[in-house]
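File shown: query01.txt (compact mmCIF, N, CA and C atoms).
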# COMPACT_ATOMS: atom_id res chain seq x y z
N MET K 190 9.41 -60.17 281.22
CA MET K 190 8.91 -60.66 279.96
C MET K 190 8.60 -62.15 280.08
N LEU K 191 7.46 -62.55 279.55
CA LEU K 191 7.03 -63.94 279.60
C LEU K 191 7.20 -64.57 278.22
N ARG K 192 7.76 -65.75 278.21
CA ARG K 192 7.89 -66.53 276.97
C ARG K 192 6.99 -67.75 277.12
N ILE K 193 6.19 -68.02 276.07
CA ILE K 193 5.27 -69.16 276.07
C ILE K 193 5.57 -70.01 274.84
N GLU K 194 5.82 -71.29 275.08
CA GLU K 194 6.00 -72.24 273.98
C GLU K 194 4.95 -73.32 274.12
N ARG K 195 4.31 -73.66 273.01
CA ARG K 195 3.26 -74.68 273.01
C ARG K 195 3.78 -75.93 272.32
N SER K 196 3.52 -77.08 272.92
CA SER K 196 3.82 -78.36 272.28
C SER K 196 2.67 -79.30 272.57
N ALA K 197 2.50 -80.29 271.70
CA ALA K 197 1.39 -81.23 271.88
C ALA K 197 1.81 -82.62 271.46
N SER K 198 1.57 -83.56 272.35
CA SER K 198 1.72 -84.98 272.03
C SER K 198 0.86 -85.72 273.05
N GLY K 199 -0.40 -85.86 272.74
CA GLY K 199 -1.34 -86.45 273.69
C GLY K 199 -2.00 -85.39 274.55
N GLN K 200 -1.20 -84.52 275.10
CA GLN K 200 -1.73 -83.39 275.85
C GLN K 200 -1.02 -82.13 275.37
N VAL K 201 -1.64 -80.98 275.60
CA VAL K 201 -1.04 -79.72 275.20
C VAL K 201 -0.25 -79.19 276.39
N VAL K 202 1.02 -78.88 276.14
CA VAL K 202 1.90 -78.36 277.18
C VAL K 202 2.33 -76.95 276.80
N PHE K 203 2.08 -76.03 277.71
CA PHE K 203 2.57 -74.66 277.55
C PHE K 203 3.77 -74.53 278.48
N THR K 204 4.95 -74.33 277.90
CA THR K 204 6.15 -74.14 278.69
C THR K 204 6.34 -72.64 278.87
N LEU K 205 6.34 -72.23 280.13
CA LEU K 205 6.42 -70.81 280.48
C LEU K 205 7.80 -70.51 281.03
N SER K 206 8.32 -69.34 280.68
CA SER K 206 9.59 -68.93 281.27
C SER K 206 9.62 -67.42 281.40
N GLY K 207 10.28 -66.98 282.45
CA GLY K 207 10.40 -65.55 282.71
C GLY K 207 9.40 -65.05 283.73
N ARG K 208 9.08 -63.78 283.61
CA ARG K 208 8.17 -63.12 284.55
C ARG K 208 6.75 -63.12 283.99
N MET K 209 5.81 -63.54 284.80
CA MET K 209 4.41 -63.52 284.39
C MET K 209 3.70 -62.43 285.18
N GLN K 210 3.23 -61.42 284.47
CA GLN K 210 2.61 -60.25 285.09
C GLN K 210 1.14 -60.17 284.70
N THR K 211 0.43 -59.25 285.31
CA THR K 211 -0.99 -59.05 285.05
C THR K 211 -1.26 -58.87 283.55
N GLU K 212 -0.40 -58.12 282.86
CA GLU K 212 -0.58 -57.84 281.44
C GLU K 212 -0.54 -59.11 280.59
N ASP K 213 0.10 -60.15 281.07
CA ASP K 213 0.24 -61.40 280.31
C ASP K 213 -1.00 -62.29 280.39
N ILE K 214 -1.87 -62.07 281.35
CA ILE K 214 -3.01 -62.95 281.57
C ILE K 214 -3.95 -62.95 280.37
N ALA K 215 -4.30 -61.79 279.83
CA ALA K 215 -5.24 -61.71 278.71
C ALA K 215 -4.69 -62.45 277.49
N GLN K 216 -3.42 -62.26 277.20
CA GLN K 216 -2.79 -62.95 276.07
C GLN K 216 -2.82 -64.46 276.28
N PHE K 217 -2.54 -64.87 277.49
CA PHE K 217 -2.52 -66.29 277.80
C PHE K 217 -3.92 -66.89 277.69
N GLN K 218 -4.92 -66.16 278.16
CA GLN K 218 -6.31 -66.63 278.05
C GLN K 218 -6.71 -66.82 276.60
N GLN K 219 -6.25 -65.93 275.71
CA GLN K 219 -6.55 -66.06 274.28
C GLN K 219 -5.96 -67.35 273.72
N LEU K 220 -4.78 -67.73 274.18
CA LEU K 220 -4.17 -68.99 273.74
C LEU K 220 -4.98 -70.19 274.21
N LEU K 221 -5.51 -70.11 275.42
CA LEU K 221 -6.26 -71.23 275.99
C LEU K 221 -7.62 -71.41 275.32
N VAL K 222 -8.25 -70.31 274.92
CA VAL K 222 -9.58 -70.35 274.33
C VAL K 222 -9.59 -71.14 273.02
N VAL K 223 -8.50 -71.11 272.27
CA VAL K 223 -8.48 -71.78 270.97
C VAL K 223 -8.22 -73.29 271.07
N GLU K 224 -7.92 -73.78 272.27
CA GLU K 224 -7.70 -75.22 272.45
C GLU K 224 -9.03 -75.95 272.40
N LYS K 225 -8.99 -77.20 271.92
CA LYS K 225 -10.21 -78.01 271.84
C LYS K 225 -10.82 -78.21 273.22
N PRO K 226 -12.14 -78.11 273.33
CA PRO K 226 -12.80 -78.41 274.60
C PRO K 226 -12.48 -79.84 275.03
N GLY K 227 -12.18 -80.01 276.29
CA GLY K 227 -11.87 -81.33 276.83
C GLY K 227 -10.42 -81.74 276.66
N GLN K 228 -9.64 -80.92 275.94
CA GLN K 228 -8.22 -81.22 275.74
C GLN K 228 -7.47 -81.09 277.07
N GLN K 229 -6.65 -82.07 277.37
CA GLN K 229 -5.85 -82.02 278.61
C GLN K 229 -4.74 -80.99 278.43
N LEU K 230 -4.68 -80.03 279.36
CA LEU K 230 -3.70 -78.96 279.29
C LEU K 230 -2.75 -79.01 280.48
N MET K 231 -1.51 -78.57 280.24
CA MET K 231 -0.52 -78.52 281.31
C MET K 231 0.35 -77.28 281.11
N PHE K 232 0.68 -76.64 282.22
CA PHE K 232 1.64 -75.54 282.21
C PHE K 232 2.92 -76.06 282.84
N ASN K 233 4.02 -76.05 282.09
CA ASN K 233 5.32 -76.36 282.65
C ASN K 233 5.91 -75.04 283.13
N MET K 234 6.02 -74.89 284.44
CA MET K 234 6.40 -73.62 285.04
C MET K 234 7.82 -73.60 285.59
N ARG K 235 8.61 -74.57 285.21
CA ARG K 235 9.95 -74.72 285.76
C ARG K 235 10.77 -73.43 285.68
N ASP K 236 10.63 -72.67 284.59
CA ASP K 236 11.46 -71.49 284.38
C ASP K 236 10.75 -70.17 284.65
N VAL K 237 9.63 -70.23 285.36
CA VAL K 237 8.94 -68.99 285.76
C VAL K 237 9.67 -68.43 286.97
N THR K 238 10.06 -67.17 286.87
CA THR K 238 10.87 -66.57 287.93
C THR K 238 10.10 -65.63 288.84
N LEU K 239 9.02 -65.04 288.32
CA LEU K 239 8.32 -64.04 289.11
C LEU K 239 6.86 -63.99 288.69
N VAL K 240 5.97 -63.87 289.66
CA VAL K 240 4.54 -63.68 289.41
C VAL K 240 4.02 -62.63 290.38
N ASN K 241 2.81 -62.12 290.11
CA ASN K 241 2.18 -61.21 291.06
C ASN K 241 0.85 -61.82 291.52
N GLN K 242 0.13 -61.12 292.37
CA GLN K 242 -1.11 -61.65 292.96
C GLN K 242 -2.14 -62.00 291.89
N ASP K 243 -2.28 -61.15 290.87
CA ASP K 243 -3.26 -61.44 289.81
C ASP K 243 -2.92 -62.75 289.10
N VAL K 244 -1.66 -62.98 288.86
CA VAL K 244 -1.23 -64.22 288.19
C VAL K 244 -1.50 -65.42 289.08
N VAL K 245 -1.23 -65.29 290.37
CA VAL K 245 -1.49 -66.39 291.31
C VAL K 245 -2.98 -66.74 291.31
N THR K 246 -3.83 -65.73 291.32
CA THR K 246 -5.27 -65.97 291.27
C THR K 246 -5.65 -66.65 289.95
N PHE K 247 -5.09 -66.20 288.84
CA PHE K 247 -5.33 -66.82 287.54
C PHE K 247 -4.88 -68.28 287.53
N LEU K 248 -3.69 -68.56 288.03
CA LEU K 248 -3.18 -69.93 288.06
C LEU K 248 -4.03 -70.83 288.95
N ALA K 249 -4.50 -70.30 290.08
CA ALA K 249 -5.37 -71.07 290.97
C ALA K 249 -6.67 -71.44 290.25
N HIS K 250 -7.23 -70.51 289.49
CA HIS K 250 -8.45 -70.80 288.72
C HIS K 250 -8.18 -71.82 287.63
N CYS K 251 -7.04 -71.69 286.96
CA CYS K 251 -6.68 -72.66 285.92
C CYS K 251 -6.58 -74.06 286.51
N GLU K 252 -5.93 -74.17 287.65
CA GLU K 252 -5.77 -75.47 288.30
C GLU K 252 -7.13 -76.02 288.71
N ALA K 253 -8.00 -75.17 289.22
CA ALA K 253 -9.35 -75.60 289.61
C ALA K 253 -10.14 -76.08 288.39
N ASP K 254 -9.81 -75.56 287.21
CA ASP K 254 -10.48 -75.97 285.97
C ASP K 254 -9.84 -77.21 285.35
N GLY K 255 -8.84 -77.80 286.03
CA GLY K 255 -8.27 -79.05 285.57
C GLY K 255 -6.94 -78.93 284.84
N ILE K 256 -6.38 -77.74 284.75
CA ILE K 256 -5.08 -77.57 284.10
C ILE K 256 -3.99 -77.94 285.10
N LYS K 257 -3.08 -78.81 284.67
CA LYS K 257 -1.99 -79.24 285.56
C LYS K 257 -0.87 -78.20 285.57
N LEU K 258 -0.35 -77.93 286.76
CA LEU K 258 0.79 -77.04 286.91
C LEU K 258 2.01 -77.90 287.21
N GLU K 259 2.84 -78.11 286.21
CA GLU K 259 4.00 -78.99 286.31
C GLU K 259 5.24 -78.17 286.68
N SER K 260 6.07 -78.73 287.54
CA SER K 260 7.35 -78.11 287.93
C SER K 260 7.17 -76.68 288.41
N CYS K 261 6.13 -76.47 289.18
CA CYS K 261 5.83 -75.14 289.72
C CYS K 261 6.83 -74.81 290.82
N PRO K 262 7.54 -73.68 290.73
CA PRO K 262 8.49 -73.32 291.79
C PRO K 262 7.79 -73.27 293.15
N LEU K 263 8.50 -73.69 294.17
CA LEU K 263 7.93 -73.82 295.51
C LEU K 263 7.28 -72.54 296.02
N HIS K 264 7.94 -71.40 295.81
CA HIS K 264 7.36 -70.15 296.32
C HIS K 264 6.04 -69.81 295.62
N ILE K 265 5.92 -70.15 294.35
CA ILE K 265 4.67 -69.91 293.63
C ILE K 265 3.61 -70.94 294.06
N ARG K 266 4.03 -72.19 294.22
CA ARG K 266 3.11 -73.25 294.66
C ARG K 266 2.51 -72.91 296.03
N SER K 267 3.35 -72.42 296.94
CA SER K 267 2.86 -72.04 298.27
C SER K 267 1.84 -70.92 298.19
N TRP K 268 2.10 -69.97 297.33
CA TRP K 268 1.21 -68.82 297.18
C TRP K 268 -0.13 -69.27 296.58
N ILE K 269 -0.10 -70.16 295.60
CA ILE K 269 -1.32 -70.70 295.00
C ILE K 269 -2.12 -71.48 296.06
N ASP K 270 -1.43 -72.28 296.86
CA ASP K 270 -2.10 -73.04 297.92
C ASP K 270 -2.79 -72.11 298.91
N GLN K 271 -2.14 -71.00 299.24
CA GLN K 271 -2.77 -70.03 300.13
C GLN K 271 -4.01 -69.42 299.48
N GLU K 272 -3.91 -69.17 298.20
CA GLU K 272 -5.04 -68.61 297.45
C GLU K 272 -6.23 -69.57 297.45
N ASN K 273 -5.95 -70.87 297.43
CA ASN K 273 -7.00 -71.88 297.36
C ASN K 273 -7.67 -72.15 298.70
N ARG K 274 -7.10 -71.71 299.78
CA ARG K 274 -7.71 -71.96 301.09
C ARG K 274 -8.94 -71.08 301.27
N PRO K 275 -10.13 -71.69 301.39
CA PRO K 275 -11.34 -70.88 301.54
C PRO K 275 -11.40 -70.18 302.89
N ASN K 276 -11.76 -68.94 302.85
CA ASN K 276 -11.97 -68.14 304.08
C ASN K 276 -10.78 -68.22 305.03
N ARG K 277 -9.58 -68.27 304.50
CA ARG K 277 -8.39 -68.39 305.34
C ARG K 277 -8.33 -67.27 306.38
N LYS K 278 -8.59 -66.04 305.96
CA LYS K 278 -8.53 -64.91 306.89
C LYS K 278 -9.61 -65.01 307.96
N SER K 279 -10.80 -65.47 307.55
CA SER K 279 -11.90 -65.61 308.50
C SER K 279 -11.57 -66.64 309.57
N ARG K 280 -10.98 -67.77 309.16
CA ARG K 280 -10.64 -68.82 310.13
C ARG K 280 -9.57 -68.33 311.09
N MET K 281 -8.57 -67.62 310.57
CA MET K 281 -7.49 -67.13 311.44
C MET K 281 -8.04 -66.11 312.44
N LYS K 282 -8.96 -65.28 311.97
CA LYS K 282 -9.55 -64.28 312.85
C LYS K 282 -10.33 -64.95 313.97
N LYS K 283 -11.08 -66.01 313.64
CA LYS K 283 -11.87 -66.73 314.65
C LYS K 283 -10.94 -67.37 315.68
N ARG K 284 -9.81 -67.93 315.24
CA ARG K 284 -8.87 -68.56 316.17
C ARG K 284 -8.30 -67.54 317.14
N ASN K 285 -8.01 -66.36 316.63
CA ASN K 285 -7.39 -65.34 317.46
C ASN K 285 -8.36 -64.71 318.46
N THR K 286 -9.66 -64.87 318.24
CA THR K 286 -10.63 -64.27 319.17
C THR K 286 -11.09 -65.26 320.23
N LYS K 287 -10.65 -66.51 320.14
CA LYS K 287 -11.05 -67.51 321.15
C LYS K 287 -10.23 -67.37 322.40
What does the file become when written as structure tokens?
Amino acid sequence: MLRIERSASGQVVFTLSGRMQTEDIAQFQQLLVVEKPGQQLMFNMRDVTLVNQDVVTFLAHCEADGIKLESCPLHIRSWIDQENRPNRKSRMKKRNTK
């Protein structure tokens, strides 16, 4: 179960806690759509305990769109970084064939 708390003071902070699953992405996107265009957004992820591949892809896109991921657990941060590496599999395959 995912818990989302919103606070605002200069920037909008969504504090996330619990498990973030594929089913939570649509609900979360609805929350983001109602924010003012150009508003600085941040996800405080300190208490996120579990994510899946769909969530990692979603978070990577959010970060690419300028949303800050604050206090992101190391295992999730590593997974997002892997997601952001372009053609990672292609590069590894080329290295192994040399």
Using only N, CA and C atoms, what table do you get, as a Markdown table, when you list each residue of range 228-248 of chain K with an atom no more than 8 Å from range 194-207 of chain K, its nearest pair of atoms, and their distance in Å rounded to one decimal, rows by chain then rising number?
| residue | atom | partner | partner_atom | distance |
| --- | --- | --- | --- | --- |
| K:Gln228 | C | K:Val201 | N | 6.0 |
| K:Gln229 | C | K:Val201 | N | 4.2 |
| K:Leu230 | CA | K:Val201 | C | 4.5 |
| K:Met231 | C | K:Phe203 | N | 4.0 |
| K:Phe232 | CA | K:Phe203 | C | 4.4 |
| K:Asn233 | N | K:Phe203 | C | 3.9 |
| K:Met234 | N | K:Leu205 | N | 5.1 |
| K:Arg235 | N | K:Leu205 | C | 5.9 |
| K:Asp236 | C | K:Ser206 | CA | 3.8 |
| K:Val237 | CA | K:Gly207 | N | 4.1 |
| K:Thr238 | N | K:Gly207 | C | 3.8 |
| K:Leu239 | N | K:Gly207 | C | 4.6 |
| K:Val240 | N | K:Gly207 | C | 7.0 |
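When only C-alpha atoms are used to measure the gap to Val244 in chain K, the shortest distance among K:Asp213, K:Leu258, K:Pro275, K:Leu191 belongs to K:Asp213.
Secondary structure from DSSP on the backbone puts alpha helix (DSSP H) at the following positions of range 194-259 of chain K: Thr211, Glu212, Asp213, Ile214, Ala215, Gln216, Phe217, Gln218, Gln219, Leu220, Leu221, Val222, Gln242, Asp243, Val244, Val245, Thr246, Phe247, Leu248, Ala249, His250, Cys251, Glu252 and Ala253 of chain K.
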File of the preceding selection, N, CA and C atoms, as a PDB file, in the coordinates of the input:
ATOM      1  N   THR K 211       0.430 -59.250 285.310  1.00  0.00           N
ATOM      2  CA  THR K 211      -0.990 -59.050 285.050  1.00  0.00           C
ATOM      3  C   THR K 211      -1.260 -58.870 283.550  1.00  0.00           C
ATOM      4  N   GLU K 212      -0.400 -58.120 282.860  1.00  0.00           N
ATOM      5  CA  GLU K 212      -0.580 -57.840 281.440  1.00  0.00           C
ATOM      6  C   GLU K 212      -0.540 -59.110 280.590  1.00  0.00           C
ATOM      7  N   ASP K 213       0.100 -60.150 281.070  1.00  0.00           N
ATOM      8  CA  ASP K 213       0.240 -61.400 280.310  1.00  0.00           C
ATOM      9  C   ASP K 213      -1.000 -62.290 280.390  1.00  0.00           C
ATOM     10  N   ILE K 214      -1.870 -62.070 281.350  1.00  0.00           N
ATOM     11  CA  ILE K 214      -3.010 -62.950 281.570  1.00  0.00           C
ATOM     12  C   ILE K 214      -3.950 -62.950 280.370  1.00  0.00           C
ATOM     13  N   ALA K 215      -4.300 -61.790 279.830  1.00  0.00           N
ATOM     14  CA  ALA K 215      -5.240 -61.710 278.710  1.00  0.00           C
ATOM     15  C   ALA K 215      -4.690 -62.450 277.490  1.00  0.00           C
ATOM     16  N   GLN K 216      -3.420 -62.260 277.200  1.00  0.00           N
ATOM     17  CA  GLN K 216      -2.790 -62.950 276.070  1.00  0.00           C
ATOM     18  C   GLN K 216      -2.820 -64.460 276.280  1.00  0.00           C
ATOM     19  N   PHE K 217      -2.540 -64.870 277.490  1.00  0.00           N
ATOM     20  CA  PHE K 217      -2.520 -66.290 277.800  1.00  0.00           C
ATOM     21  C   PHE K 217      -3.920 -66.890 277.690  1.00  0.00           C
ATOM     22  N   GLN K 218      -4.920 -66.160 278.160  1.00  0.00           N
ATOM     23  CA  GLN K 218      -6.310 -66.630 278.050  1.00  0.00           C
ATOM     24  C   GLN K 218      -6.710 -66.820 276.600  1.00  0.00           C
ATOM     25  N   GLN K 219      -6.250 -65.930 275.710  1.00  0.00           N
ATOM     26  CA  GLN K 219      -6.550 -66.060 274.280  1.00  0.00           C
ATOM     27  C   GLN K 219      -5.960 -67.350 273.720  1.00  0.00           C
ATOM     28  N   LEU K 220      -4.780 -67.730 274.180  1.00  0.00           N
ATOM     29  CA  LEU K 220      -4.170 -68.990 273.740  1.00  0.00           C
ATOM     30  C   LEU K 220      -4.980 -70.190 274.210  1.00  0.00           C
ATOM     31  N   LEU K 221      -5.510 -70.110 275.420  1.00  0.00           N
ATOM     32  CA  LEU K 221      -6.260 -71.230 275.990  1.00  0.00           C
ATOM     33  C   LEU K 221      -7.620 -71.410 275.320  1.00  0.00           C
ATOM     34  N   VAL K 222      -8.250 -70.310 274.920  1.00  0.00           N
ATOM     35  CA  VAL K 222      -9.580 -70.350 274.330  1.00  0.00           C
ATOM     36  C   VAL K 222      -9.590 -71.140 273.020  1.00  0.00           C
ATOM     37  N   GLN K 242       0.130 -61.120 292.370  1.00  0.00           N
ATOM     38  CA  GLN K 242      -1.110 -61.650 292.960  1.00  0.00           C
ATOM     39  C   GLN K 242      -2.140 -62.000 291.890  1.00  0.00           C
ATOM     40  N   ASP K 243      -2.280 -61.150 290.870  1.00  0.00           N
ATOM     41  CA  ASP K 243      -3.260 -61.440 289.810  1.00  0.00           C
ATOM     42  C   ASP K 243      -2.920 -62.750 289.100  1.00  0.00           C
ATOM     43  N   VAL K 244      -1.660 -62.980 288.860  1.00  0.00           N
ATOM     44  CA  VAL K 244      -1.230 -64.220 288.190  1.00  0.00           C
ATOM     45  C   VAL K 244      -1.500 -65.420 289.080  1.00  0.00           C
ATOM     46  N   VAL K 245      -1.230 -65.290 290.370  1.00  0.00           N
ATOM     47  CA  VAL K 245      -1.490 -66.390 291.310  1.00  0.00           C
ATOM     48  C   VAL K 245      -2.980 -66.740 291.310  1.00  0.00           C
ATOM     49  N   THR K 246      -3.830 -65.730 291.320  1.00  0.00           N
ATOM     50  CA  THR K 246      -5.270 -65.970 291.270  1.00  0.00           C
ATOM     51  C   THR K 246      -5.650 -66.650 289.950  1.00  0.00           C
ATOM     52  N   PHE K 247      -5.090 -66.200 288.840  1.00  0.00           N
ATOM     53  CA  PHE K 247      -5.330 -66.820 287.540  1.00  0.00           C
ATOM     54  C   PHE K 247      -4.880 -68.280 287.530  1.00  0.00           C
ATOM     55  N   LEU K 248      -3.690 -68.560 288.030  1.00  0.00           N
ATOM     56  CA  LEU K 248      -3.180 -69.930 288.060  1.00  0.00           C
ATOM     57  C   LEU K 248      -4.030 -70.830 288.950  1.00  0.00           C
ATOM     58  N   ALA K 249      -4.500 -70.300 290.080  1.00  0.00           N
ATOM     59  CA  ALA K 249      -5.370 -71.070 290.970  1.00  0.00           C
ATOM     60  C   ALA K 249      -6.670 -71.440 290.250  1.00  0.00           C
ATOM     61  N   HIS K 250      -7.230 -70.510 289.490  1.00  0.00           N
ATOM     62  CA  HIS K 250      -8.450 -70.800 288.720  1.00  0.00           C
ATOM     63  C   HIS K 250      -8.180 -71.820 287.630  1.00  0.00           C
ATOM     64  N   CYS K 251      -7.040 -71.690 286.960  1.00  0.00           N
ATOM     65  CA  CYS K 251      -6.680 -72.660 285.920  1.00  0.00           C
ATOM     66  C   CYS K 251      -6.580 -74.060 286.510  1.00  0.00           C
ATOM     67  N   GLU K 252      -5.930 -74.170 287.650  1.00  0.00           N
ATOM     68  CA  GLU K 252      -5.770 -75.470 288.300  1.00  0.00           C
ATOM     69  C   GLU K 252      -7.130 -76.020 288.710  1.00  0.00           C
ATOM     70  N   ALA K 253      -8.000 -75.170 289.220  1.00  0.00           N
ATOM     71  CA  ALA K 253      -9.350 -75.600 289.610  1.00  0.00           C
ATOM     72  C   ALA K 253     -10.140 -76.080 288.390  1.00  0.00           C
TER      73      ALA K 253
END
Two-atom distance - CA of Asn273 in chain K, CA of Ala249 in chain K (Å):
6.6 Å
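What separates atom N of Asn241 in chain K from CA of Ile193 in chain K is a distance of 15.9 Å.
One distance worth recording is that between CA of Ile269 in chain K and CA of Gly227 in chain K, which is 23.5 Å.
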